[in-house]
>>> print(open('input.cif').read())   # mmCIF, C-alpha atoms
data_input
#
loop_
_atom_site.label_atom_id
_atom_site.label_comp_id
_atom_site.auth_asym_id
_atom_site.auth_seq_id
_atom_site.Cartn_x
_atom_site.Cartn_y
_atom_site.Cartn_z
CA MET A 1 -79.48 60.30 -8.24
CA MET A 2 -83.05 59.28 -7.52
CA ARG A 3 -85.50 61.13 -9.72
CA THR A 4 -88.49 60.39 -7.48
CA LEU A 5 -86.61 61.57 -4.42
CA LEU A 6 -85.80 64.86 -6.12
CA LEU A 7 -89.49 65.70 -6.12
CA ILE A 8 -90.12 64.36 -2.65
CA PHE A 9 -87.24 66.13 -0.94
CA ALA A 10 -88.21 69.39 -2.59
CA LEU A 11 -91.25 69.43 -0.29
CA SER A 12 -91.16 72.12 2.33
CA LEU A 13 -89.14 71.15 5.37
CA SER A 14 -87.53 74.52 5.82
CA ALA A 15 -89.86 75.56 8.61
CA THR A 16 -89.27 72.28 10.41
CA LEU A 17 -85.52 72.60 10.01
CA ASN A 18 -85.64 76.10 11.45
CA THR A 19 -87.31 74.61 14.51
CA TYR A 20 -84.72 71.81 14.68
CA ALA A 21 -81.92 74.35 14.55
CA GLN A 22 -83.03 75.74 17.89
CA ASN A 23 -82.14 72.44 19.61
CA SER A 24 -78.99 70.40 20.05
CA LEU A 25 -79.24 66.65 19.85
CA SER A 26 -79.77 64.59 23.00
CA GLU A 27 -77.81 61.56 24.22
CA GLU A 28 -80.48 59.26 22.73
CA SER A 29 -80.02 60.65 19.22
CA GLU A 30 -78.88 58.47 16.34
CA ILE A 31 -77.06 59.36 13.14
CA SER A 32 -77.15 56.73 10.39
CA LEU A 33 -75.80 56.36 6.90
CA ILE A 34 -78.63 55.26 4.61
CA THR A 35 -77.74 53.40 1.42
CA VAL A 36 -80.33 52.83 -1.28
CA ALA A 37 -79.43 50.03 -3.69
CA PRO A 38 -79.06 50.67 -7.43
CA GLY A 39 -82.28 50.80 -9.45
CA ASP A 40 -83.23 49.73 -12.96
CA GLU A 41 -83.15 53.19 -14.54
CA LEU A 42 -79.92 54.87 -15.58
CA TYR A 43 -80.43 57.81 -13.18
CA SER A 44 -80.73 55.36 -10.26
CA GLY A 45 -78.30 52.73 -11.52
CA PHE A 46 -75.47 53.60 -9.12
CA GLY A 47 -77.46 53.82 -5.88
CA HIS A 48 -77.91 56.67 -3.44
CA SER A 49 -76.49 57.76 -0.06
CA ALA A 50 -78.22 59.84 2.61
CA LEU A 51 -77.68 60.70 6.28
CA TRP A 52 -80.52 60.19 8.76
CA VAL A 53 -80.56 62.25 11.94
CA GLU A 54 -83.07 60.92 14.49
CA ASP A 55 -83.76 62.14 18.02
CA GLU A 56 -87.09 61.04 19.52
CA ALA A 57 -86.52 63.09 22.67
CA LYS A 58 -86.36 66.28 20.58
CA GLY A 59 -88.88 65.22 17.95
CA ILE A 60 -86.24 65.26 15.22
CA SER A 61 -86.18 62.87 12.28
CA VAL A 62 -84.74 64.19 9.04
CA VAL A 63 -82.85 62.65 6.12
CA PHE A 64 -80.22 64.81 4.41
CA ASN A 65 -79.44 64.24 0.73
CA TYR A 66 -76.74 65.70 -1.48
CA GLY A 67 -76.84 65.45 -5.26
CA THR A 68 -80.38 66.74 -5.76
CA PHE A 69 -81.37 69.42 -8.24
CA ASP A 70 -84.31 71.44 -9.52
CA PHE A 71 -85.72 70.38 -12.91
CA ASP A 72 -87.27 73.85 -13.27
CA THR A 73 -83.88 75.60 -13.31
CA PRO A 74 -83.76 77.98 -16.33
CA GLY A 75 -81.63 76.43 -19.09
CA PHE A 76 -81.60 73.13 -17.19
CA TYR A 77 -80.42 70.84 -20.02
CA MET A 78 -77.69 73.13 -21.32
CA LYS A 79 -76.37 73.71 -17.81
CA PHE A 80 -76.45 69.95 -17.17
CA VAL A 81 -74.49 69.15 -20.35
CA ARG A 82 -71.95 71.91 -19.69
CA GLY A 83 -71.43 70.79 -16.07
CA LYS A 84 -72.68 74.12 -14.74
CA LEU A 85 -75.91 72.92 -13.13
CA ASN A 86 -76.10 73.77 -9.44
CA TYR A 87 -76.86 70.76 -7.25
CA MET A 88 -77.97 71.12 -3.66
CA LEU A 89 -78.38 69.61 -0.25
CA SER A 90 -82.02 68.82 0.49
CA ALA A 91 -83.91 67.21 3.37
CA GLY A 92 -86.92 64.95 3.78
CA ARG A 93 -88.52 62.24 5.85
CA ILE A 94 -87.30 58.65 6.04
CA SER A 95 -90.81 57.40 5.24
CA TYR A 96 -90.70 59.21 1.88
CA LEU A 97 -87.33 57.68 1.03
CA ILE A 98 -88.47 54.16 1.92
CA ARG A 99 -91.71 54.56 0.01
CA SER A 100 -89.82 55.68 -3.08
CA ALA A 101 -87.31 52.82 -2.75
CA LYS A 102 -90.14 50.27 -2.48
CA ALA A 103 -91.82 51.68 -5.58
CA GLU A 104 -88.55 51.24 -7.49
CA ASN A 105 -87.79 47.82 -5.96
CA ARG A 106 -84.58 48.99 -4.27
CA SER A 107 -83.26 47.78 -0.92
CA VAL A 108 -82.56 50.27 1.87
CA ILE A 109 -79.76 49.66 4.40
CA GLN A 110 -79.11 51.60 7.60
CA GLN A 111 -75.75 51.85 9.39
CA LYS A 112 -76.02 53.37 12.86
CA LEU A 113 -72.88 55.29 13.71
CA ASP A 114 -71.13 55.04 17.07
CA LEU A 115 -70.39 58.69 17.73
CA SER A 116 -70.06 60.87 20.79
CA LEU A 117 -72.76 63.48 21.47
CA SER A 118 -70.29 66.20 20.52
CA GLN A 119 -69.55 64.52 17.20
CA LYS A 120 -73.26 64.04 16.46
CA ASN A 121 -73.92 67.71 17.11
CA GLN A 122 -70.99 68.72 14.92
CA ILE A 123 -72.42 66.69 12.03
CA TYR A 124 -75.93 67.99 12.65
CA ASP A 125 -74.80 71.61 12.91
CA TYR A 126 -72.74 71.22 9.75
CA LEU A 127 -75.75 69.90 7.80
CA LEU A 128 -78.11 72.57 9.16
CA ASN A 129 -75.64 75.26 8.17
CA ASN A 130 -75.06 73.62 4.77
CA ILE A 131 -78.76 73.51 3.95
CA ARG A 132 -79.23 77.24 4.45
CA PRO A 133 -80.28 78.94 1.16
CA GLU A 134 -76.95 80.70 0.79
CA ASN A 135 -74.94 77.48 1.35
CA LYS A 136 -76.92 74.57 -0.08
CA PHE A 137 -75.93 74.92 -3.76
CA TYR A 138 -72.67 73.53 -5.12
CA GLN A 139 -71.15 72.30 -8.39
CA TYR A 140 -71.63 68.56 -8.59
CA ASP A 141 -69.07 66.12 -9.99
CA PHE A 142 -70.10 62.52 -10.59
CA PHE A 143 -66.78 61.03 -9.45
CA PHE A 144 -65.37 63.53 -6.98
CA ASP A 145 -68.25 65.48 -5.42
CA ASN A 146 -71.54 63.60 -5.27
CA CYS A 147 -74.10 62.30 -2.78
CA SER A 148 -71.62 59.73 -1.41
CA THR A 149 -68.32 61.62 -1.36
CA ARG A 150 -69.94 64.41 0.64
CA PHE A 151 -70.62 62.01 3.53
CA ARG A 152 -67.09 60.64 3.28
CA ASP A 153 -65.72 64.18 3.52
CA LEU A 154 -68.09 65.13 6.34
CA LEU A 155 -67.00 62.19 8.49
CA GLU A 156 -63.33 62.99 7.83
CA GLU A 157 -63.86 66.62 8.81
CA VAL A 158 -65.61 65.77 12.09
CA LEU A 159 -63.48 62.81 13.19
CA GLY A 160 -60.16 64.13 11.90
CA SER A 161 -56.99 62.07 12.12
CA GLY A 162 -58.64 59.58 14.49
CA LEU A 163 -60.64 58.18 11.57
CA SER A 164 -59.14 55.23 9.69
CA TRP A 165 -60.50 53.81 6.43
CA ASN A 166 -59.39 50.21 6.84
CA LYS A 167 -60.97 48.53 3.84
CA GLN A 168 -58.53 47.95 1.01
CA ALA A 169 -59.27 49.45 -2.39
CA GLU A 170 -60.69 47.14 -5.04
CA GLY A 171 -58.08 48.27 -7.55
CA TYR A 172 -60.56 49.08 -10.33
CA THR A 173 -60.53 52.12 -12.57
CA PHE A 174 -63.52 54.47 -12.53
CA ARG A 175 -64.57 53.07 -15.91
CA GLU A 176 -64.38 49.48 -14.67
CA PHE A 177 -66.64 50.37 -11.74
CA LEU A 178 -69.13 51.90 -14.17
CA ASP A 179 -68.98 48.79 -16.37
CA ILE A 180 -69.94 46.63 -13.39
CA TYR A 181 -73.00 48.74 -12.60
CA LEU A 182 -74.00 49.06 -16.26
CA GLU A 183 -73.58 45.38 -17.12
CA ASP A 184 -77.31 45.00 -17.76
CA LYS A 185 -77.50 48.33 -19.62
CA PRO A 186 -75.13 47.77 -22.59
CA TRP A 187 -76.35 50.65 -24.73
CA GLN A 188 -76.13 53.14 -21.88
CA ASP A 189 -72.68 51.78 -21.08
CA PHE A 190 -71.64 52.32 -24.71
CA GLY A 191 -72.91 55.90 -24.71
CA ILE A 192 -71.18 56.72 -21.43
CA ASP A 193 -67.92 55.13 -22.64
CA LEU A 194 -68.02 57.35 -25.73
CA VAL A 195 -68.19 60.63 -23.81
CA LEU A 196 -65.89 59.84 -20.86
CA GLY A 197 -62.22 60.48 -21.53
CA GLN A 198 -58.89 59.26 -20.23
CA PRO A 199 -59.35 60.46 -16.60
CA THR A 200 -62.00 57.75 -16.20
CA ASP A 201 -59.27 55.12 -16.66
CA GLN A 202 -57.37 56.13 -13.54
CA ILE A 203 -57.28 53.57 -10.73
CA ALA A 204 -59.67 54.70 -7.99
CA ASP A 205 -57.94 54.59 -4.60
CA LYS A 206 -59.89 53.77 -1.44
CA ARG A 207 -61.15 57.34 -1.03
CA ASN A 208 -62.12 57.85 -4.64
CA GLU A 209 -63.97 54.56 -4.98
CA MET A 210 -66.38 55.89 -2.36
CA PHE A 211 -68.05 57.86 -5.15
CA LEU A 212 -70.31 54.79 -5.29
CA PRO A 213 -72.88 54.50 -2.48
CA ASP A 214 -72.25 50.75 -2.13
CA MET A 215 -68.51 51.32 -1.75
CA LEU A 216 -69.10 54.09 0.80
CA MET A 217 -71.22 51.64 2.80
CA TYR A 218 -68.52 48.95 2.67
CA HIS A 219 -65.84 51.42 3.78
CA TYR A 220 -68.05 52.59 6.66
CA ASP A 221 -68.32 48.93 7.71
CA LYS A 222 -64.55 48.67 8.16
CA ALA A 223 -63.82 52.22 9.34
CA THR A 224 -62.64 52.89 12.89
CA TYR A 225 -62.27 55.93 15.10
CA GLU A 226 -59.28 55.62 17.44
CA GLY A 227 -59.39 51.86 16.93
CA LYS A 228 -63.14 51.51 17.56
CA PRO A 229 -65.60 50.64 14.74
CA ILE A 230 -67.74 53.61 13.74
CA VAL A 231 -70.70 51.39 12.73
CA LYS A 232 -72.38 49.93 15.79
CA ASP A 233 -75.37 48.37 14.05
CA LYS A 234 -76.36 47.54 10.50
CA LEU A 235 -79.99 46.99 9.58
CA VAL A 236 -81.90 46.22 6.42
CA ILE A 237 -84.83 48.65 6.54
CA TYR A 238 -86.30 47.26 3.34
CA GLU A 239 -85.14 44.25 1.33
CA ALA A 240 -86.29 44.29 -2.26
CA PRO A 241 -87.42 41.02 -3.83
CA GLU A 242 -84.71 39.29 -5.84
CA LYS A 243 -84.87 40.17 -9.52
CA GLN A 244 -85.55 37.45 -12.04
CA GLU A 245 -82.71 36.98 -14.52
CA SER A 246 -83.72 37.39 -18.14
CA SER A 247 -82.26 34.85 -20.58
CA SER A 248 -83.61 36.50 -23.75
CA PHE A 249 -81.17 37.45 -26.49
CA GLN A 250 -80.12 41.08 -26.46
CA ILE A 251 -78.63 43.03 -29.34
CA LEU A 252 -75.38 44.61 -28.11
CA PRO A 253 -73.68 47.71 -29.53
CA GLN A 254 -70.83 45.58 -30.90
CA HIS A 255 -73.35 43.45 -32.82
CA LEU A 256 -74.55 46.57 -34.63
CA THR A 257 -71.09 48.02 -35.30
CA TRP A 258 -69.76 44.71 -36.65
CA LEU A 259 -72.81 44.53 -38.93
CA LEU A 260 -72.16 48.09 -40.16
CA CYS A 261 -68.51 47.22 -40.78
CA LEU A 262 -69.39 44.11 -42.82
CA ILE A 263 -72.07 45.92 -44.83
CA GLY A 264 -69.62 48.70 -45.63
CA ILE A 265 -66.92 46.27 -46.78
CA ILE A 266 -69.42 44.33 -48.91
CA LEU A 267 -70.67 47.54 -50.55
CA SER A 268 -67.09 48.60 -51.28
CA VAL A 269 -66.31 45.23 -52.90
CA ARG A 270 -69.54 45.42 -54.95
CA HIS A 271 -68.60 48.91 -56.07
CA HIS A 272 -65.22 47.68 -57.22
CA LYS A 273 -66.79 44.84 -59.23
CA SER A 274 -70.04 46.36 -60.49
CA LYS A 275 -69.71 50.09 -59.86
CA THR A 276 -72.65 49.96 -57.42
CA SER A 277 -72.60 53.23 -55.51
CA ASP A 278 -71.82 53.12 -51.78
CA ILE A 279 -71.55 56.90 -51.48
CA TRP A 280 -74.67 57.46 -49.39
CA TYR A 281 -73.76 54.68 -46.96
CA ASN A 282 -70.38 56.26 -46.30
CA LYS A 283 -71.83 59.75 -46.15
CA LEU A 284 -74.16 58.57 -43.40
CA LEU A 285 -71.33 56.96 -41.39
CA PHE A 286 -69.15 60.05 -41.70
CA ILE A 287 -72.01 62.31 -40.63
CA ILE A 288 -72.95 60.17 -37.61
CA THR A 289 -69.35 59.85 -36.38
CA GLY A 290 -68.81 63.56 -37.03
CA LEU A 291 -71.81 64.44 -34.87
CA ILE A 292 -70.47 62.17 -32.10
CA GLY A 293 -67.15 63.96 -32.48
CA CYS A 294 -68.86 67.35 -32.09
CA LEU A 295 -70.41 66.15 -28.82
CA ILE A 296 -67.04 64.87 -27.59
CA PHE A 297 -65.42 68.19 -28.57
CA PHE A 298 -68.11 70.14 -26.74
CA LEU A 299 -67.78 68.09 -23.54
CA TRP A 300 -63.97 68.20 -23.72
CA PHE A 301 -63.39 71.90 -24.44
CA LEU A 302 -66.63 73.73 -23.66
CA SER A 303 -67.85 72.09 -20.45
CA ASP A 304 -66.67 71.92 -16.85
CA HIS A 305 -66.87 68.12 -16.64
CA VAL A 306 -63.58 66.71 -15.33
CA ALA A 307 -64.03 63.21 -16.76
CA THR A 308 -64.77 64.16 -20.39
CA VAL A 309 -61.37 65.63 -21.30
CA ASP A 310 -58.59 63.84 -23.25
CA ASN A 311 -61.08 61.61 -25.05
CA TRP A 312 -59.33 59.26 -27.48
CA ASN A 313 -62.62 58.45 -29.22
CA MET A 314 -62.14 61.67 -31.17
CA ILE A 315 -59.53 59.88 -33.31
CA TRP A 316 -62.32 58.06 -35.15
CA ALA A 317 -65.30 60.27 -34.21
CA PHE A 318 -63.69 63.39 -35.67
CA PRO A 319 -65.87 66.51 -36.03
CA LEU A 320 -64.55 67.24 -39.54
CA ASN A 321 -66.05 63.95 -40.70
CA ILE A 322 -69.28 65.92 -41.20
CA VAL A 323 -67.55 68.23 -43.67
CA PHE A 324 -65.86 65.42 -45.55
CA ALA A 325 -69.10 63.48 -45.77
CA PHE A 326 -70.21 66.06 -48.35
CA LEU A 327 -66.88 66.03 -50.18
CA LEU A 328 -66.82 62.29 -50.87
CA PHE A 329 -66.13 61.69 -54.57
CA LYS A 330 -66.50 65.37 -55.51
CA LYS A 331 -64.80 66.15 -58.80
CA PRO A 332 -62.15 67.28 -59.02
CA ALA A 333 -60.81 66.12 -55.65
CA LYS A 334 -58.55 68.64 -53.92
CA LYS A 335 -55.11 67.68 -52.71
CA TRP A 336 -56.11 68.33 -49.11
CA HIS A 337 -59.00 65.85 -49.51
CA THR A 338 -56.52 63.07 -50.19
CA ILE A 339 -54.27 64.27 -47.35
CA TYR A 340 -57.23 64.06 -44.97
CA TYR A 341 -58.04 60.49 -46.02
CA ALA A 342 -54.39 59.49 -45.68
CA VAL A 343 -53.90 61.03 -42.23
CA PHE A 344 -57.30 59.77 -41.03
CA GLY A 345 -56.53 56.25 -42.30
CA ILE A 346 -53.07 56.14 -40.68
CA ALA A 347 -54.63 57.26 -37.38
CA GLN A 348 -57.16 54.41 -37.59
CA PHE A 349 -54.43 51.84 -38.25
CA LEU A 350 -52.48 53.09 -35.25
CA VAL A 351 -55.57 52.81 -33.03
CA LEU A 352 -56.13 49.26 -34.33
CA GLY A 353 -52.56 48.28 -33.56
CA PHE A 354 -52.66 49.64 -30.01
CA PHE A 355 -56.38 49.19 -29.32
CA TYR A 356 -55.93 47.23 -26.09
CA THR A 357 -52.93 49.19 -24.81
CA LEU A 358 -54.13 52.78 -25.27
CA PRO A 359 -54.17 55.03 -22.17
CA GLN A 360 -57.96 55.07 -22.54
CA ALA A 361 -60.01 51.88 -22.64
CA LEU A 362 -62.21 52.10 -25.74
CA HIS A 363 -65.52 50.22 -25.83
CA ALA A 364 -65.51 46.90 -27.72
CA ALA A 365 -68.09 48.30 -30.13
CA VAL A 366 -65.57 50.89 -31.32
CA LEU A 367 -63.18 48.26 -32.77
CA PRO A 368 -65.24 47.42 -35.91
CA ILE A 369 -65.82 51.14 -36.55
CA VAL A 370 -62.08 51.84 -36.45
CA LEU A 371 -61.42 48.75 -38.56
CA TYR A 372 -63.87 49.91 -41.21
CA PHE A 373 -62.55 53.47 -41.26
CA ALA A 374 -58.98 52.17 -41.60
CA PHE A 375 -60.08 50.14 -44.62
CA LYS A 376 -62.34 52.84 -46.05
CA SER A 377 -59.88 55.72 -45.74
CA PHE A 378 -57.38 54.06 -48.04
CA ASN A 379 -60.17 52.80 -50.28
CA LEU A 380 -61.37 56.40 -50.61
CA LEU A 381 -57.80 57.59 -51.16
CA TYR A 382 -57.39 55.13 -54.04
CA ARG A 383 -60.77 55.95 -55.57
CA THR A 384 -60.25 59.71 -55.23
CA LYS A 385 -56.88 59.56 -56.99
CA LYS A 386 -58.38 57.38 -59.71
CA MET A 387 -61.14 59.95 -60.26
CA ASN A 388 -58.52 62.62 -60.92
CA VAL A 389 -56.68 60.59 -63.52
#
>>> encode(input="input.cif", output="structure tokens")
Amino acid sequence: MMRTLLLIFALSLSATLNTYAQNSLSEESEISLITVAPGDELYSGFGHSALWVEDEAKGISVVFNYGTFDFDTPGFYMKFVRGKLNYMLSAGRISYLIRSAKAENRSVIQQKLDLSLSQKNQIYDYLLNNIRPENKFYQYDFFFDNCSTRFRDLLEEVLGSGLSWNKQAEGYTFREFLDIYLEDKPWQDFGIDLVLGQPTDQIADKRNEMFLPDMLMYHYDKATYEGKPIVKDKLVIYEAPEKQESSSFQILPQHLTWLLCLIGIILSVRHHKSKTSDIWYNKLLFIITGLIGCLIFFLWFLSDHVATVDNWNMIWAFPLNIVFAFLLFKKPAKKWHTIYYAVFGIAQFLVLGFFYTLPQALHAAVLPIVLYFAFKSFNLLYRTKKMNV
């Protein structure tokens, strides 16, 4: 989740870790959850979690990170898109992490955990075993198996039934959490909303909302083991300067889609009055939405991503739109052409009528697209039938 850290933590610590593995932790050892605040880039926009094991008496100081990967993996991009990219547990030094956070203007917070020596050694042994070459790779999932959820699961495994997560859930869906973090990245938010399906609209309970590093930190704050808080001290290792708010006007996705909708309607009216051709405009829209539909289809049926299935955006971004883009106004029009326009148009009207009550929350920028396609489908149906007269 931190591109710079991926390079840093790939540096060789294996020899050092082999040395560490020879020693158990001492009474003076500390284990801390490290939370790095969200950054400005999309890859860092949700923050990062790490676990710092420190023992001055044994000369141990190592930060463990889940959710890292190797950019040089053969077929990296295809594996990433298909959800088949192996992520891994890596290790590095706290100074590297802080240096990277400072360079990206991101705060770093430390929560020292109040654990027994036995519990510390269990966590440490688990991480040392997990970072072995045969164990360190795993299949990452953004919501259910990432750099934060791994440290939730680890604490639950070590502390067992004595651990209580006492903070109440916020009651947001996964998509609503993403919207909060992507508020200043409207175009990225639009793109992510297009490819994430209905599972993203489930309410995240207290465990599942810990997929976000910030939420994991807040739950650690309130967590107890046999009635005793597990966080004994909370420190700000580095506090980033407050960001200046920008008041400049920003073009939002819905601005563009409303403009496209109005242009399309105007061209259709002009065609009706003056026979001005709007064919190429509609071809372009059908091709673009068809390509989006192909991506949605691929992520839904041909990838291992859990959150990209059951995507209602395919109702308007339908893969066959690409085919029909080249059939617009072809003479003579086939009967199945008109059936397609009729079915496609009815589907758009249904989406319009239930836009705010669908099982999946569609992005606001989708509304004008659906509105235009509802209008255009029946406009095309009328024009196609007229051409055959």
>>> closest_residue(input="input.cif", among="A:Ile192, A:Gln110, A:Lys206, A:Gln198", to="Tyr172 in chain A", atoms="all atoms listed in the file")
A:Lys206
>>> resolve_selection(input="input.cif", expression="the PyMOL selection byres ((chain A and resi 37) around 9)", output="ChimeraX atom specification")
/A:35-36,38-39,44-48,101,105-109,213-214
>>> write_last_selection(input="input.cif", atoms="C-alpha atoms", output="compact mmCIF listing (two decimals), keeping the file's coordinate frame")
# COMPACT_ATOMS: atom_id res chain seq x y z
CA THR A 35 -77.74 53.40 1.42
CA VAL A 36 -80.33 52.83 -1.28
CA PRO A 38 -79.06 50.67 -7.43
CA GLY A 39 -82.28 50.80 -9.45
CA SER A 44 -80.73 55.36 -10.26
CA GLY A 45 -78.30 52.73 -11.52
CA PHE A 46 -75.47 53.60 -9.12
CA GLY A 47 -77.46 53.82 -5.88
CA HIS A 48 -77.91 56.67 -3.44
CA ALA A 101 -87.31 52.82 -2.75
CA ASN A 105 -87.79 47.82 -5.96
CA ARG A 106 -84.58 48.99 -4.27
CA SER A 107 -83.26 47.78 -0.92
CA VAL A 108 -82.56 50.27 1.87
CA ILE A 109 -79.76 49.66 4.40
CA PRO A 213 -72.88 54.50 -2.48
CA ASP A 214 -72.25 50.75 -2.13
>>> residues_around(input="input.cif", residues="Ala325 in chain A", least_positions_apart="3", cutoff="7 Å", atoms="only C-alpha atoms", output="short mmCIF file (atom, residue, chain, number, x, y, z; two decimals) with C-alpha atoms, keeping the file's coordinate frame")
data_model
loop_
_atom_site.label_atom_id
_atom_site.label_comp_id
_atom_site.auth_asym_id
_atom_site.auth_seq_id
_atom_site.Cartn_x
_atom_site.Cartn_y
_atom_site.Cartn_z
CA LYS A 283 -71.83 59.75 -46.15
CA PHE A 286 -69.15 60.05 -41.70
CA ILE A 287 -72.01 62.31 -40.63
CA ASN A 321 -66.05 63.95 -40.70
CA ILE A 322 -69.28 65.92 -41.20
CA LEU A 328 -66.82 62.29 -50.87
#
>>> atom_distance(input="input.cif", atom1="CA of Pro199 in chain A", atom2="CA of Ala223 in chain A")
27.6 Å
>>> residues_around(input="input.cif", residues="range 346-360 of chain A", least_positions_apart="3", cutoff="7 Å", atoms="only C-alpha atoms", output="list in words")
Gly197, Gln198, Asp201, Trp312, Ile315, Trp316, Ala342, Val343, Val370, Leu371, Phe373 and Ala374 of chain A
>>> write_last_selection(input="input.cif", atoms="C-alpha atoms", output="short mmCIF file (atom, residue, chain, number, x, y, z; two decimals), keeping the file's coordinate frame")
data_model
loop_
_atom_site.label_atom_id
_atom_site.label_comp_id
_atom_site.auth_asym_id
_atom_site.auth_seq_id
_atom_site.Cartn_x
_atom_site.Cartn_y
_atom_site.Cartn_z
CA GLY A 197 -62.22 60.48 -21.53
CA GLN A 198 -58.89 59.26 -20.23
CA ASP A 201 -59.27 55.12 -16.66
CA TRP A 312 -59.33 59.26 -27.48
CA ILE A 315 -59.53 59.88 -33.31
CA TRP A 316 -62.32 58.06 -35.15
CA ALA A 342 -54.39 59.49 -45.68
CA VAL A 343 -53.90 61.03 -42.23
CA VAL A 370 -62.08 51.84 -36.45
CA LEU A 371 -61.42 48.75 -38.56
CA PHE A 373 -62.55 53.47 -41.26
CA ALA A 374 -58.98 52.17 -41.60
#
>>> residues_around(input="input.cif", residues="range 122-137 of chain A", least_positions_apart="6", cutoff="8 Å", atoms="all atoms listed in the file", output="MDAnalysis selection string")
chainID A and resid 17 21 53 64 86:90 154:155 158
>>> decode(input="input.cif", residues="range 232-245 of chain A", atoms="N, CA, C and O atoms", output="compact mmCIF listing (two decimals), in the first residue's frame")
# COMPACT_ATOMS: atom_id res chain seq x y z
N LYS A 232 -0.96 0.38 25.87
CA LYS A 232 -0.51 1.04 27.10
C LYS A 232 0.04 2.44 26.84
O LYS A 232 0.16 3.24 27.78
N ASP A 233 0.38 2.73 25.60
CA ASP A 233 0.92 4.05 25.28
C ASP A 233 0.72 4.32 23.79
O ASP A 233 0.88 3.41 22.97
N LYS A 234 0.38 5.56 23.49
CA LYS A 234 0.16 5.95 22.10
C LYS A 234 0.99 7.19 21.82
O LYS A 234 0.84 8.22 22.49
N LEU A 235 1.86 7.09 20.80
CA LEU A 235 2.79 8.17 20.51
C LEU A 235 2.70 8.57 19.04
O LEU A 235 2.45 7.73 18.17
N VAL A 236 2.89 9.85 18.79
CA VAL A 236 3.00 10.33 17.41
C VAL A 236 4.49 10.39 17.09
O VAL A 236 5.21 11.26 17.57
N ILE A 237 4.96 9.45 16.30
CA ILE A 237 6.38 9.41 15.93
C ILE A 237 6.71 10.56 14.98
O ILE A 237 7.76 11.20 15.09
N TYR A 238 5.80 10.81 14.05
CA TYR A 238 5.99 11.93 13.13
C TYR A 238 4.63 12.52 12.81
O TYR A 238 3.70 11.80 12.44
N GLU A 239 4.49 13.82 12.98
CA GLU A 239 3.24 14.51 12.65
C GLU A 239 3.45 15.36 11.41
O GLU A 239 4.25 16.30 11.41
N ALA A 240 2.76 15.00 10.36
CA ALA A 240 2.91 15.72 9.09
C ALA A 240 2.26 17.09 9.19
O ALA A 240 1.25 17.27 9.89
N PRO A 241 2.83 18.08 8.52
CA PRO A 241 2.22 19.42 8.50
C PRO A 241 0.80 19.35 7.94
O PRO A 241 0.51 18.53 7.06
N GLU A 242 -0.07 20.20 8.46
CA GLU A 242 -1.45 20.20 8.00
C GLU A 242 -1.51 20.65 6.54
O GLU A 242 -0.84 21.61 6.14
N LYS A 243 -2.31 19.95 5.75
CA LYS A 243 -2.41 20.27 4.33
C LYS A 243 -3.28 21.50 4.12
O LYS A 243 -4.29 21.69 4.82
N GLN A 244 -2.89 22.31 3.15
CA GLN A 244 -3.66 23.50 2.81
C GLN A 244 -4.83 23.09 1.91
O GLN A 244 -4.66 22.38 0.93
N GLU A 245 -6.03 23.55 2.29
CA GLU A 245 -7.21 23.22 1.48
C GLU A 245 -7.22 24.05 0.21
O GLU A 245 -6.97 25.25 0.22
